[in-house]
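The next block holds one structure in the form of C-alpha cells; read it before the comments.
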Amino acid sequence: MYGHVEKLAQEIKKGAASVEGVEAKLWQVPEILSEEILAKMSAPQKGDAPVITPDELAEADGFIFGFPTRFGMMPAQFKAFLDATGGLWKTQQLAGKPAGIFYSTGSQGGGQETTALTAITQLVHHGMIFVPIGYTFGAGMFEMEKIKGGSPYGAGTFAADGSKHPTELELEQAFHQGKYIATITKKLKGSD
C-alpha cells in the first residue's frame, strides 16, 4: 500500500536480471479495495507495474511473490488473485516451477515468518517448488545491531506506520534473493 513491497520488488528484479539470460518482470495483482477506502487509508497511487492476470503466470519459469502482511498472512488482494488460479491448478500449469516469497510488516512482531508459512500452502497446491533463501545471504542474516526485516524464508522490511523505508541491508537482501532464485530457476529450466 505504501510502496515498501514495490521497493523490495525493484531490487529483486535487479538481482534476477543480473543473472545472464534471465528476463525479470514486475507485476502487481488487481486492487480489490474501493478508491473511497484507499483514500481513507491515505494510500498513495499504485506504482506503474502492469496488473497481472492469472493466466499470465503460466508464461513464467519461476516466481518471487511479494506482499505486505495482514494479520500474519498475505493480504486479501493477493489471496483473491490466487483464488482465481483454479484453472491453472486444475491443469497443474505451475507445477515444478520455483517460487520464493518476500514481505513487509508493520513491526518486528508483525508476522514475517507466519506470512511466509501461510503463503506456502498456495504454492504447494499448485505443485510449485518453494525456494527459501536460507542463510545464503551470509553475514547479513545475522545482523543484530540494526533493525532488519527478512528471514531464511525471504527478504523483508518493516514499514512501521508507513514512514519507515527499506534499509540498505534489506535492499541488499532483496537483490540477493532475486539473484539466488533466478539462478536456481535458470538451472531448473536448463534441465528440461
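All residue names refer to the C-alpha cells as shown: chains lettered A, B, ... in order, residues numbered from 1 in each chain, ligands numbered from 1 in order.
For Ile52 of chain A, the set of protein, DNA and RNA residues having any atom at most 6 Å away, when counting only C-alpha atoms and skipping those fewer than 3 positions along the same chain, is Trp27, Gln28 and Val29 of chain A.
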Could you turn the residues from that selection into a file that holds C-alpha atoms, as a compact mmCIF listing (two decimals), in the first residue's frame?
```txt
# COMPACT_ATOMS: atom_id res chain seq x y z
CA TRP A 27 3.65 -7.26 -11.94
CA GLN A 28 1.02 -6.26 -9.42
CA VAL A 29 -2.20 -8.02 -8.56
```
Can you tell me which residues surround Tyr135 of chain A at a distance of at most 10 Å, considering only C-alpha atoms, apart from same-chain residues fewer than 6 positions away, and format the answer as JSON, numbers by chain?
{"A": [141, 142, 151, 152, 153, 154]}
Take the residues from that selection and write them out as an mmCIF file, in the first residue's frame, keeping C-alpha atoms.
```cif
data_model
loop_
_atom_site.group_PDB
_atom_site.id
_atom_site.type_symbol
_atom_site.label_atom_id
_atom_site.label_comp_id
_atom_site.auth_asym_id
_atom_site.auth_seq_id
_atom_site.Cartn_x
_atom_site.Cartn_y
_atom_site.Cartn_z
ATOM 1 C CA MET A 141 21.331 -12.716 8.040
ATOM 2 C CA PHE A 142 22.965 -12.338 11.442
ATOM 3 C CA SER A 151 14.391 -14.244 7.379
ATOM 4 C CA PRO A 152 15.515 -17.561 5.891
ATOM 5 C CA TYR A 153 12.090 -17.620 4.184
ATOM 6 C CA GLY A 154 12.799 -14.482 2.142
#
```
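The shortest atom-to-atom distance to Lys146 of chain A, with only C-alpha atoms taken into account, belongs to A:Glu170 out of A:Glu56, A:Ser163, A:Glu23, A:Glu170.
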Which of segment 28-156 of chain A end up as strand (DSSP E) when DSSP is run on this backbone - answer as a list in words?
Phe63, Ile64, Phe65, Gly66, Phe67, Pro68, Pro98, Ala99, Gly100, Ile101, Phe102, Tyr103, Ser104, Thr105, Ile129, Phe130 and Gly156 of chain A
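Our summary of the geometry notes that atom CA of Ala119 of chain A is positioned 13.1 Å from atom CA of Phe63 of chain A.
Those residues that approach Ile129 of chain A to within 7 Å, counting only C-alpha atoms, are A:Gly96, A:Lys97, A:Pro98, A:Ala99, A:Gly127, A:Val131; same-chain residues fewer than 2 positions away are not listed.
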DSSP on the backbone, helix (DSSP H, G or I) only: what residues of segment 9-57 of chain A does that give? Format it as a PyMOL selection string.
chain A and resi 9-17+35-40+54-57
Just to be explicit: take each residue in the selection above, keep all heavy atoms, and write the result as a compact mmCIF listing (two decimals), in the first residue's frame.
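Written output follows (again_2.txt):
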```txt
# COMPACT_ATOMS: atom_id res chain seq x y z
N ALA A 9 10.66 -5.27 -4.42
CA ALA A 9 10.47 -5.94 -5.72
C ALA A 9 11.41 -5.38 -6.78
O ALA A 9 11.94 -6.13 -7.61
CB ALA A 9 9.02 -5.81 -6.18
N GLN A 10 11.63 -4.09 -6.77
CA GLN A 10 12.54 -3.48 -7.74
C GLN A 10 13.96 -4.01 -7.55
O GLN A 10 14.66 -4.28 -8.53
CB GLN A 10 12.50 -1.96 -7.63
CG GLN A 10 11.20 -1.37 -8.11
CD GLN A 10 11.01 0.09 -7.72
OE1 GLN A 10 11.75 0.64 -6.91
NE2 GLN A 10 9.99 0.71 -8.29
N GLU A 11 14.38 -4.18 -6.30
CA GLU A 11 15.71 -4.73 -6.03
C GLU A 11 15.78 -6.21 -6.40
O GLU A 11 16.79 -6.68 -6.94
CB GLU A 11 16.10 -4.53 -4.57
CG GLU A 11 16.45 -3.11 -4.22
CD GLU A 11 17.59 -2.55 -5.05
OE1 GLU A 11 18.67 -3.19 -5.11
OE2 GLU A 11 17.43 -1.46 -5.63
N ILE A 12 14.72 -6.93 -6.13
CA ILE A 12 14.67 -8.35 -6.51
C ILE A 12 14.78 -8.48 -8.01
O ILE A 12 15.51 -9.32 -8.53
CB ILE A 12 13.40 -9.02 -5.94
CG1 ILE A 12 13.58 -9.23 -4.43
CG2 ILE A 12 13.07 -10.32 -6.65
CD1 ILE A 12 12.35 -9.70 -3.70
N LYS A 13 14.07 -7.62 -8.72
CA LYS A 13 14.14 -7.64 -10.19
C LYS A 13 15.56 -7.38 -10.66
O LYS A 13 16.06 -8.05 -11.57
CB LYS A 13 13.18 -6.61 -10.79
CG LYS A 13 13.20 -6.59 -12.30
CD LYS A 13 12.28 -5.53 -12.87
CE LYS A 13 12.40 -5.50 -14.38
NZ LYS A 13 11.67 -4.40 -14.97
N LYS A 14 16.24 -6.41 -10.06
CA LYS A 14 17.63 -6.12 -10.43
C LYS A 14 18.51 -7.35 -10.18
O LYS A 14 19.37 -7.68 -11.00
CB LYS A 14 18.17 -4.94 -9.63
CG LYS A 14 17.60 -3.60 -10.02
CD LYS A 14 18.17 -2.52 -9.10
CE LYS A 14 17.44 -1.20 -9.26
NZ LYS A 14 17.91 -0.20 -8.28
N GLY A 15 18.31 -8.00 -9.03
CA GLY A 15 19.09 -9.19 -8.73
C GLY A 15 18.84 -10.30 -9.73
O GLY A 15 19.77 -10.95 -10.22
N ALA A 16 17.57 -10.53 -10.07
CA ALA A 16 17.23 -11.58 -11.04
C ALA A 16 17.81 -11.25 -12.41
O ALA A 16 18.37 -12.11 -13.09
CB ALA A 16 15.72 -11.75 -11.12
N ALA A 17 17.70 -9.99 -12.81
CA ALA A 17 18.19 -9.58 -14.12
C ALA A 17 19.72 -9.62 -14.21
O ALA A 17 20.27 -9.61 -15.31
CB ALA A 17 17.68 -8.18 -14.45
N GLU A 35 -11.75 2.97 -4.23
CA GLU A 35 -11.00 4.23 -4.15
C GLU A 35 -11.34 4.95 -2.86
O GLU A 35 -10.47 5.59 -2.25
CB GLU A 35 -11.31 5.11 -5.37
CG GLU A 35 -10.73 4.59 -6.67
CD GLU A 35 -9.22 4.53 -6.66
OE1 GLU A 35 -8.56 5.42 -6.07
OE2 GLU A 35 -8.67 3.58 -7.25
N GLU A 36 -12.60 4.86 -2.42
CA GLU A 36 -13.03 5.52 -1.19
C GLU A 36 -12.28 4.96 0.02
O GLU A 36 -11.78 5.72 0.86
CB GLU A 36 -14.54 5.33 -1.00
CG GLU A 36 -15.07 5.95 0.27
CD GLU A 36 -16.55 5.67 0.49
OE1 GLU A 36 -17.19 5.02 -0.37
OE2 GLU A 36 -17.06 6.10 1.53
N ILE A 37 -12.18 3.66 0.11
CA ILE A 37 -11.47 3.02 1.23
C ILE A 37 -9.99 3.36 1.17
O ILE A 37 -9.37 3.69 2.19
CB ILE A 37 -11.67 1.49 1.21
CG1 ILE A 37 -13.14 1.13 1.40
CG2 ILE A 37 -10.79 0.80 2.25
CD1 ILE A 37 -13.72 1.54 2.73
N LEU A 38 -9.40 3.29 -0.02
CA LEU A 38 -7.97 3.62 -0.16
C LEU A 38 -7.69 5.06 0.24
O LEU A 38 -6.67 5.35 0.88
CB LEU A 38 -7.52 3.36 -1.60
CG LEU A 38 -7.46 1.88 -2.01
CD1 LEU A 38 -7.25 1.76 -3.51
CD2 LEU A 38 -6.39 1.14 -1.25
N ALA A 39 -8.59 5.97 -0.09
CA ALA A 39 -8.43 7.37 0.29
C ALA A 39 -8.49 7.52 1.81
O ALA A 39 -7.69 8.27 2.40
CB ALA A 39 -9.51 8.23 -0.37
N LYS A 40 -9.39 6.80 2.46
CA LYS A 40 -9.49 6.86 3.93
C LYS A 40 -8.23 6.29 4.59
O LYS A 40 -7.89 6.68 5.71
CB LYS A 40 -10.72 6.09 4.42
CG LYS A 40 -12.01 6.81 4.12
CD LYS A 40 -13.21 6.03 4.61
CE LYS A 40 -14.48 6.79 4.28
NZ LYS A 40 -15.67 6.07 4.73
N PRO A 54 -4.30 -14.14 -13.88
CA PRO A 54 -3.85 -15.49 -13.50
C PRO A 54 -3.21 -16.26 -14.65
O PRO A 54 -2.18 -16.91 -14.45
CB PRO A 54 -5.13 -16.16 -13.01
CG PRO A 54 -5.94 -15.04 -12.47
CD PRO A 54 -5.68 -13.89 -13.41
N ASP A 55 -3.77 -16.18 -15.84
CA ASP A 55 -3.22 -16.94 -16.97
C ASP A 55 -1.80 -16.54 -17.33
O ASP A 55 -1.04 -17.36 -17.87
CB ASP A 55 -4.13 -16.81 -18.19
CG ASP A 55 -5.44 -17.57 -18.01
OD1 ASP A 55 -5.48 -18.49 -17.16
OD2 ASP A 55 -6.40 -17.24 -18.71
N GLU A 56 -1.41 -15.31 -17.03
CA GLU A 56 -0.05 -14.86 -17.34
C GLU A 56 1.00 -15.57 -16.48
O GLU A 56 2.17 -15.64 -16.84
CB GLU A 56 0.07 -13.35 -17.18
CG GLU A 56 -0.65 -12.61 -18.30
CD GLU A 56 -0.71 -11.12 -18.10
OE1 GLU A 56 -1.25 -10.69 -17.05
OE2 GLU A 56 -0.21 -10.38 -18.98
N LEU A 57 0.58 -16.13 -15.34
CA LEU A 57 1.52 -16.88 -14.51
C LEU A 57 2.10 -18.07 -15.26
O LEU A 57 3.26 -18.42 -15.06
CB LEU A 57 0.82 -17.38 -13.23
CG LEU A 57 0.49 -16.35 -12.17
CD1 LEU A 57 -0.34 -17.00 -11.06
CD2 LEU A 57 1.75 -15.72 -11.60
```
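In terms of minimum interatomic distance to Thr114 of chain A, A:Arg70 ranks closest within A:His4, A:Lys25, A:Lys189, A:Arg70, counting only C-alpha atoms.
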Best match for closeness to Gly106 of chain A among A:Thr136, A:Thr69, A:Thr167, A:Thr53, counting only C-alpha atoms
A:Thr69
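Computed from the coordinates, the atom CA of Pro75 of chain A to atom CA of Leu33 of chain A distance equals 11.1 Å.
Going from atom CA of Phe67 of chain A to atom CA of Tyr103 of chain A covers 5.0 Å.
Distances from A:Gly111, A:Gly149, A:Gly3, A:Gly178 to Ile133 of chain A were compared using only C-alpha atoms, and the smallest one belongs to A:Gly178.
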Which is closest to Leu88 of chain A among A:Val124, A:Ala58, A:Ala182, A:Met73, if we use only C-alpha atoms?
A:Ala58
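For Ile120 of chain A, the residues within 9 Å (counting only C-alpha atoms, excluding itself and residues fewer than 5 positions away along the chain) are Ile101, Thr115, His125 and Phe130 of chain A.
Nearest to Tyr180 of chain A of all the residues A:Ala43, A:Ser104, A:Ala155, A:Glu145 is A:Ala155, counting only C-alpha atoms.
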